[in-house]
file input.pdb (PDB, C-alpha atoms)
ATOM      1  CA  MET A  22     115.480 140.136  58.658
ATOM      2  CA  ALA A  23     115.070 143.463  60.397
ATOM      3  CA  GLN A  24     114.312 146.435  58.176
ATOM      4  CA  GLN A  25     115.398 150.006  58.753
ATOM      5  CA  ILE A  26     112.507 151.923  60.291
ATOM      6  CA  ALA A  27     114.386 154.992  61.563
ATOM      7  CA  THR A  28     113.507 158.246  59.811
ATOM      8  CA  ASN A  29     115.103 161.677  59.626
ATOM      9  CA  VAL A  30     118.619 160.280  59.955
ATOM     10  CA  THR A  31     121.683 161.436  58.035
ATOM     11  CA  TRP A  32     125.031 159.698  57.607
ATOM     12  CA  HIS A  33     127.902 161.774  58.999
ATOM     13  CA  ASP A  34     131.338 161.404  57.432
ATOM     14  CA  HIS A  35     134.241 161.318  59.891
ATOM     15  CA  LYS A  36     137.510 163.186  59.656
ATOM     16  CA  VAL A  37     139.384 160.056  60.784
ATOM     17  CA  ALA A  38     139.157 157.370  58.099
ATOM     18  CA  SER A  39     139.518 153.610  58.475
ATOM     19  CA  ALA A  40     142.939 153.812  56.810
ATOM     20  CA  ASP A  41     144.057 156.257  59.511
ATOM     21  CA  ARG A  42     143.016 153.846  62.244
ATOM     22  CA  GLN A  43     144.751 150.938  60.523
ATOM     23  CA  LYS A  44     147.918 153.011  60.188
ATOM     24  CA  LEU A  45     147.835 153.715  63.923
ATOM     25  CA  ASN A  46     147.382 149.982  64.656
ATOM     26  CA  GLY A  47     150.011 148.882  62.159
ATOM     27  CA  HIS A  48     147.785 146.294  60.484
ATOM     28  CA  LYS A  49     144.521 145.928  58.602
ATOM     29  CA  GLY A  50     141.070 145.458  60.083
ATOM     30  CA  ALA A  51     139.164 142.259  59.302
ATOM     31  CA  VAL A  52     136.354 139.999  60.453
ATOM     32  CA  LEU A  53     137.220 136.331  60.952
ATOM     33  CA  TRP A  54     133.876 134.568  60.793
ATOM     34  CA  PHE A  55     134.193 131.120  62.416
ATOM     35  CA  THR A  56     131.183 128.966  61.535
ATOM     36  CA  GLY A  57     130.344 125.320  62.151
ATOM     37  CA  LEU A  58     128.227 122.939  64.187
ATOM     38  CA  SER A  59     127.945 123.226  67.939
ATOM     39  CA  ALA A  60     131.023 121.591  69.559
ATOM     40  CA  CYS A  61     133.047 121.747  66.314
ATOM     41  CA  GLY A  62     135.665 123.795  68.174
ATOM     42  CA  LYS A  63     135.044 127.228  66.654
ATOM     43  CA  SER A  64     134.933 129.165  69.964
ATOM     44  CA  THR A  65     138.092 127.513  71.272
ATOM     45  CA  ILE A  66     139.956 128.042  68.007
ATOM     46  CA  ALA A  67     138.808 131.670  67.784
ATOM     47  CA  ASN A  68     139.894 132.236  71.379
ATOM     48  CA  THR A  69     143.316 130.746  70.661
ATOM     49  CA  VAL A  70     143.746 132.829  67.497
ATOM     50  CA  ASP A  71     142.769 135.943  69.461
ATOM     51  CA  HIS A  72     145.382 135.108  72.106
ATOM     52  CA  ILE A  73     148.147 134.464  69.544
ATOM     53  CA  LEU A  74     147.436 137.742  67.751
ATOM     54  CA  ASN A  75     147.360 139.631  71.042
ATOM     55  CA  GLN A  76     150.757 138.196  71.935
ATOM     56  CA  MET A  77     151.989 139.394  68.544
ATOM     57  CA  GLY A  78     150.932 142.924  69.463
ATOM     58  CA  LYS A  79     147.893 143.056  67.162
ATOM     59  CA  HIS A  80     144.682 144.892  68.027
ATOM     60  CA  THR A  81     141.950 142.259  68.303
ATOM     61  CA  TYR A  82     138.559 141.469  69.761
ATOM     62  CA  LEU A  83     136.556 138.257  70.105
ATOM     63  CA  LEU A  84     132.776 138.102  69.720
ATOM     64  CA  ASP A  85     131.514 134.723  70.982
ATOM     65  CA  GLY A  86     128.009 133.389  70.349
ATOM     66  CA  ASP A  87     127.045 132.516  73.929
ATOM     67  CA  ASN A  88     128.586 135.689  75.367
ATOM     68  CA  ILE A  89     126.754 137.924  72.895
ATOM     69  CA  ARG A  90     123.460 136.222  73.709
ATOM     70  CA  MET A  91     124.003 137.167  77.354
ATOM     71  CA  GLY A  92     124.156 140.852  76.464
ATOM     72  CA  LEU A  93     123.572 142.503  73.096
ATOM     73  CA  ASN A  94     121.301 139.737  71.806
ATOM     74  CA  LYS A  95     119.746 138.448  75.024
ATOM     75  CA  ASN A  96     116.281 139.276  73.666
ATOM     76  CA  LEU A  97     116.625 136.817  70.773
ATOM     77  CA  GLY A  98     115.653 133.158  70.628
ATOM     78  CA  PHE A  99     116.586 130.475  68.095
ATOM     79  CA  SER A 100     113.860 130.722  65.461
ATOM     80  CA  ALA A 101     115.026 131.299  61.889
ATOM     81  CA  ASP A 102     114.088 134.992  62.161
ATOM     82  CA  ASP A 103     115.868 135.422  65.482
ATOM     83  CA  ARG A 104     118.944 133.623  64.189
ATOM     84  CA  ALA A 105     118.988 135.965  61.199
ATOM     85  CA  GLU A 106     118.712 139.032  63.446
ATOM     86  CA  ASN A 107     121.400 137.634  65.750
ATOM     87  CA  ILE A 108     123.811 137.339  62.826
ATOM     88  CA  ARG A 109     122.782 140.706  61.348
ATOM     89  CA  ARG A 110     123.615 142.495  64.600
ATOM     90  CA  ILE A 111     126.950 140.716  64.939
ATOM     91  CA  GLY A 112     127.753 141.570  61.340
ATOM     92  CA  GLU A 113     127.150 145.239  62.020
ATOM     93  CA  VAL A 114     129.270 145.134  65.183
ATOM     94  CA  GLY A 115     132.034 143.288  63.342
ATOM     95  CA  LYS A 116     131.916 145.905  60.581
ATOM     96  CA  LEU A 117     132.460 148.667  63.155
ATOM     97  CA  PHE A 118     135.424 146.845  64.685
ATOM     98  CA  ALA A 119     136.983 146.214  61.277
ATOM     99  CA  ASP A 120     136.490 149.862  60.360
ATOM    100  CA  ALA A 121     138.383 150.727  63.563
ATOM    101  CA  GLY A 122     141.300 148.623  62.297
ATOM    102  CA  VAL A 123     140.663 145.752  64.691
ATOM    103  CA  ILE A 124     141.020 142.080  63.744
ATOM    104  CA  THR A 125     137.732 140.703  65.013
ATOM    105  CA  SER A 126     137.047 137.002  65.515
ATOM    106  CA  THR A 127     133.415 135.893  65.659
ATOM    107  CA  ALA A 128     132.363 132.399  66.718
ATOM    108  CA  PHE A 129     128.754 131.627  65.804
ATOM    109  CA  ILE A 130     127.046 128.541  64.434
ATOM    110  CA  SER A 131     125.405 130.893  61.877
ATOM    111  CA  PRO A 132     123.772 127.943  60.103
ATOM    112  CA  TYR A 133     122.292 129.723  57.079
ATOM    113  CA  ARG A 134     124.367 130.759  54.054
ATOM    114  CA  LYS A 135     122.173 133.728  53.219
ATOM    115  CA  ASP A 136     122.791 135.238  56.666
ATOM    116  CA  ARG A 137     126.566 134.798  56.395
ATOM    117  CA  ASP A 138     126.507 136.166  52.846
ATOM    118  CA  ALA A 139     124.584 139.209  54.086
ATOM    119  CA  VAL A 140     127.397 139.922  56.565
ATOM    120  CA  ARG A 141     129.998 139.473  53.820
ATOM    121  CA  ALA A 142     128.131 142.071  51.752
ATOM    122  CA  LEU A 143     128.470 144.609  54.585
ATOM    123  CA  LEU A 144     132.255 144.642  54.414
ATOM    124  CA  PRO A 145     134.782 145.787  51.804
ATOM    125  CA  ALA A 146     136.312 143.043  49.674
ATOM    126  CA  GLY A 147     138.872 141.034  51.609
ATOM    127  CA  GLN A 148     137.735 142.104  55.074
ATOM    128  CA  PHE A 149     135.278 139.235  55.607
ATOM    129  CA  ILE A 150     137.128 135.956  56.106
ATOM    130  CA  GLU A 151     134.792 132.974  56.395
ATOM    131  CA  VAL A 152     136.436 130.174  58.387
ATOM    132  CA  TYR A 153     134.569 126.880  58.199
ATOM    133  CA  VAL A 154     135.410 124.704  61.192
ATOM    134  CA  ASP A 155     134.652 121.348  59.623
ATOM    135  CA  ALA A 156     133.700 118.627  62.101
ATOM    136  CA  SER A 157     131.227 115.862  61.399
ATOM    137  CA  LEU A 158     128.017 115.550  63.381
ATOM    138  CA  GLU A 159     129.429 112.310  64.831
ATOM    139  CA  THR A 160     132.559 114.115  66.045
ATOM    140  CA  CYS A 161     130.541 116.938  67.589
ATOM    141  CA  GLU A 162     128.163 114.551  69.349
ATOM    142  CA  LYS A 163     131.107 112.659  70.845
ATOM    143  CA  ARG A 164     132.505 115.904  72.249
ATOM    144  CA  ASP A 165     129.209 117.498  73.335
ATOM    145  CA  PRO A 166     130.820 119.523  76.190
ATOM    146  CA  LYS A 167     127.544 121.242  77.101
ATOM    147  CA  GLY A 168     125.383 118.122  76.775
ATOM    148  CA  LEU A 169     123.250 119.869  74.165
ATOM    149  CA  TYR A 170     123.195 117.062  71.599
ATOM    150  CA  LYS A 171     122.060 114.626  74.276
ATOM    151  CA  LYS A 172     119.218 116.971  75.213
ATOM    152  CA  ALA A 173     118.317 117.524  71.554
ATOM    153  CA  ARG A 174     118.215 113.769  70.878
ATOM    154  CA  ALA A 175     115.943 113.391  73.905
ATOM    155  CA  GLY A 176     113.599 116.058  72.567
ATOM    156  CA  GLU A 177     114.415 118.509  75.358
ATOM    157  CA  ILE A 178     115.759 121.114  72.887
ATOM    158  CA  LYS A 179     113.815 121.937  69.747
ATOM    159  CA  GLY A 180     115.295 123.438  66.585
ATOM    160  CA  PHE A 181     118.829 122.334  67.415
ATOM    161  CA  THR A 182     121.239 122.741  64.501
ATOM    162  CA  GLY A 183     122.352 119.426  63.049
ATOM    163  CA  ILE A 184     119.543 117.446  64.693
ATOM    164  CA  ASP A 185     116.190 118.958  63.741
ATOM    165  CA  ASP A 186     117.396 122.191  62.151
ATOM    166  CA  PRO A 187     119.750 122.388  59.149
ATOM    167  CA  TYR A 188     123.332 123.572  58.931
ATOM    168  CA  GLU A 189     124.315 124.900  55.510
ATOM    169  CA  ALA A 190     128.070 124.510  55.140
ATOM    170  CA  PRO A 191     129.925 127.308  53.327
ATOM    171  CA  GLU A 192     130.381 126.697  49.604
ATOM    172  CA  LYS A 193     133.448 128.903  49.094
ATOM    173  CA  PRO A 194     134.946 129.781  52.488
ATOM    174  CA  GLU A 195     138.287 131.529  52.632
ATOM    175  CA  LEU A 196     139.580 128.835  54.967
ATOM    176  CA  VAL A 197     138.516 125.295  55.942
ATOM    177  CA  LEU A 198     139.789 123.842  59.224
ATOM    178  CA  ASP A 199     139.744 120.060  59.673
ATOM    179  CA  SER A 200     138.520 119.803  63.247
ATOM    180  CA  ASN A 201     137.901 116.068  62.912
ATOM    181  CA  THR A 202     141.583 115.160  62.976
ATOM    182  CA  LYS A 203     143.617 118.241  64.004
ATOM    183  CA  GLY A 204     144.093 119.881  67.386
ATOM    184  CA  ILE A 205     143.181 123.398  68.463
ATOM    185  CA  ASP A 206     146.719 124.828  68.425
ATOM    186  CA  GLU A 207     147.467 123.486  64.938
ATOM    187  CA  LEU A 208     144.213 124.888  63.560
ATOM    188  CA  ALA A 209     144.792 128.260  65.212
ATOM    189  CA  ARG A 210     148.234 128.447  63.623
ATOM    190  CA  GLU A 211     146.653 127.740  60.230
ATOM    191  CA  VAL A 212     144.419 130.782  60.698
ATOM    192  CA  VAL A 213     147.317 133.024  61.706
ATOM    193  CA  ALA A 214     149.362 131.763  58.739
ATOM    194  CA  TYR A 215     146.448 132.604  56.437
ATOM    195  CA  LEU A 216     146.263 136.143  57.824
ATOM    196  CA  GLU A 217     149.989 136.570  57.307
ATOM    197  CA  SER A 218     149.775 135.261  53.725
ATOM    198  CA  LYS A 219     147.001 137.744  52.910
ATOM    199  CA  GLY A 220     148.836 140.714  54.391
ATOM    200  CA  VAL A 221     146.239 141.347  57.106
ATOM    201  CA  LEU A 222     148.844 141.499  59.875
ATOM    202  CA  SER A 223     150.764 144.364  58.263
ATOM    203  CA  LEU A 224     150.188 147.415  56.072
TER
END
call {"tool": "encode", "arguments": {"input": "input.pdb", "output": "structure tokens"}}
result
Amino acid sequence: MAQQIATNVTWHDHKVASADRQKLNGHKGAVLWFTGLSACGKSTIANTVDHILNQMGKHTYLLDGDNIRMGLNKNLGFSADDRAENIRRIGEVGKLFADAGVITSTAFISPYRKDRDAVRALLPAGQFIEVYVDASLETCEKRDPKGLYKKARAGEIKGFTGIDDPYEAPEKPELVLDSNTKGIDELAREVVAYLESKGVLSL
């Protein structure tokens, strides 16, 4: 985990508070943290949730694992340390978006509990919503849209989550989505219904 090495820095308080930004948006800020195995459906569900909320007039943004690794985190690999730094950076970005009153969806395998818990600790209570997209390894291997499981089984990819690297499922997520038996639209609606029930979509 990266440590702070900057010196001679001072935190500056802003005249515009998070509550002011939320009031302008008409809803609360939050981070929806979609986690699960590769091919469990988390990116597609997050994308659908983002679209539904946008159509409802909510201020949203989607941070997707592959997209982020093409930009902000393109200098990181897939070692345990790099995975931790990848998640740390996304957590900090998500925190900024939530502070701006934006409902931010993040779709990352994020296989280690301690890394997800570290992101949770960054945010005020209720702003971090862990969404476990539950799909068995068998289900994910059958889907395998990128052919990654096939490559991992053939030894072409090392340290692949679920094959030769562990995935630690959330112990107490805010929401569990059954991606083994339910479709994308149904699961996305479950997420939106959860947000409505928790008062995130209003003030």
call {"tool": "resolve_selection", "arguments": {"input": "input.pdb", "expression": "the PyMOL selection byres ((chain A and resi 133) around 10)", "output": "number ranges by chain"}}
result
A: 56, 101, 104-105, 108, 130-132, 134-138, 187-191
call {"tool": "residues_around", "arguments": {"input": "input.pdb", "residues": "A:Ala214", "least_positions_apart": "6", "cutoff": "12 Å", "atoms": "only C-alpha atoms", "output": "ChimeraX atom specification"}}
result
/A:70,73-74,196,207-208,220-222
call {"tool": "atom_distance", "arguments": {"input": "input.pdb", "atom1": "atom CA of A:His33", "atom2": "atom CA of A:Thr81"}}
result
25.8 Å
call {"tool": "atom_distance", "arguments": {"input": "input.pdb", "atom1": "atom CA of A:Asn68", "atom2": "atom CA of A:Glu177"}}
result
29.2 Å
call {"tool": "closest_residue", "arguments": {"input": "input.pdb", "among": "A:Ser59, A:Asn75, A:Thr125, A:Ser39", "to": "A:Phe181", "atoms": "only C-alpha atoms"}}
result
A:Ser59
